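Accompanying notes for the structure given below.
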Amino acid sequence: MTVPPAPPRRIGLFGGSFDPPHRAHRVLAETALAALALDQLRWLPAGAPWQKTGHVLAEPQHRAAMVALAIDGEPRFVLDERELHRRGPSYTIDSVRELRAEQPQAQLFVVIGQDQYQRLHTWHAFDELLGSVTWAVAAREGQLPRPDAALAGRPHRVEVLPMPRLDVSATVIRQRAARGEDLTALVAPAVARYIALHQLYRDPAGH
Ligand code: ATP
């Protein structure tokens, strides 16, 4: 008789456009796994990221495929496509509510960089979301984890992640890809091959 695996008790949620997933995403995810002793870290590519309007995103199936390549080799990483399948804007609160119902035994951690932590008060259903998870925050490009003044007097659980400084952004990667430059230092080799094969980001105005 095989014993089913115990349900995960500590689950991380790592959302983003992942357009494309890059080296800092992987390091941030590995840092979160270790620092928070997570049983599982779910990568959630956003379907329609309602706060990012600066560029046209690569097709959902491309971003999901690249996340699958980026998480390869770490069995605690899971590609969670729920936000790609959901209609309308991708709100973290909807994913948190769903996961609470699916995994009632688990403690949920939302993993974010400082740029997102700073704008947390602008997130949809912020009041409900703030206290319903633990926030795992990493410094980003020299900006240390620090709440915006809007969070003053709003108690919430925060874990600061010991993330090494990595000045990498998907924006810079898309710009480099548009110029046909080498991406191997910035993304996983399989992701670089995928971008080249599908000729992603060749048009700097979109895709
Ligand atoms: P873009 O340049 O398109 O805005 P991005 O590089 O910020 O994209 P996202 O997919 O939006 O990538 O990021 C997902 C999460 O990863 C966010 O919480 C973001 O703060 C975090 N993150 C991304 N890059 C870094 C980095 N270099 N250091 C720390 N955190 C990062």
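Every chain in the structure tokens has a letter given in the order shown (A, B, ...), and although residue numbers restart at 1 in each chain, ligands are simply numbered from 1 in the order shown.
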Counting only C-alpha atoms, what is within 10 Å of range 78-92 of chain A, bar same-chain residues fewer than 6 positions away, as JSON, numbers by chain? {"A": [12, 13, 14, 15, 16, 40, 41, 42, 43, 44, 45, 46, 47, 48, 49, 50, 51, 59, 60, 61, 63, 64, 65, 67, 68, 69, 70, 71, 72, 98, 110, 123, 124, 125, 126, 129]}
Using only C-alpha atoms and all ligand atoms, I'd like a table of the residues in chain A that come within 7 Å of ligand 1; for each, show the closest atom pair and its distance in Å rounded to one decimal, ordered by chain and ascending number, as a Markdown table.
| residue | atom | partner | partner_atom_place_in_ligand_line | distance |
| --- | --- | --- | --- | --- |
| A:Phe14 | CA | ligand 1 | 15 (C) | 6.9 |
| A:Gly15 | CA | ligand 1 | 14 (C) | 5.8 |
| A:Gly16 | CA | ligand 1 | 10 (O) | 3.6 |
| A:Ser17 | CA | ligand 1 | 10 (O) | 3.9 |
| A:Phe18 | CA | ligand 1 | 10 (O) | 3.8 |
| A:Asp19 | CA | ligand 1 | 3 (O) | 6.0 |
| A:Pro21 | CA | ligand 1 | 10 (O) | 6.5 |
| A:Ala24 | CA | ligand 1 | 27 (N) | 4.8 |
| A:His25 | CA | ligand 1 | 16 (O) | 5.4 |
| A:Leu28 | CA | ligand 1 | 30 (N) | 6.3 |
| A:Val111 | CA | ligand 1 | 18 (O) | 6.5 |
| A:Ile112 | CA | ligand 1 | 18 (O) | 3.5 |
| A:Gly113 | CA | ligand 1 | 20 (O) | 3.2 |
| A:Gln114 | CA | ligand 1 | 20 (O) | 5.8 |
| A:Asp115 | CA | ligand 1 | 20 (O) | 5.2 |
| A:Gln116 | CA | ligand 1 | 20 (O) | 5.2 |
| A:Ala138 | CA | ligand 1 | 29 (C) | 5.8 |
| A:Ala139 | CA | ligand 1 | 29 (C) | 5.8 |
| A:Arg140 | CA | ligand 1 | 29 (C) | 4.0 |
| A:Glu141 | CA | ligand 1 | 28 (N) | 5.9 |
| A:Arg165 | CA | ligand 1 | 28 (N) | 6.6 |
| A:Leu166 | CA | ligand 1 | 27 (N) | 4.9 |
| A:Asp167 | CA | ligand 1 | 27 (N) | 4.9 |
| A:Val168 | CA | ligand 1 | 27 (N) | 4.4 |
| A:Ser169 | CA | ligand 1 | 6 (O) | 3.4 |
| A:Ala170 | CA | ligand 1 | 2 (O) | 3.8 |
| A:Thr171 | CA | ligand 1 | 2 (O) | 3.6 |
| A:Val172 | CA | ligand 1 | 2 (O) | 6.6 |
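Put simply, CA of Val158 in chain A is 9.1 Å away from CA of Val133 in chain A.
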A:Leu36, A:His22, A:Ala58, A:Pro147 ranked by distance to His198 in chain A, top pick (using only C-alpha atoms): A:Ala58
Can you tell me, as a ChimeraX atom specification, which residues in range 8-205 of chain A count as strand (DSSP E or B) by DSSP? /A:10-16,40-45,77-79,107-113,134-138,140,143,157-161
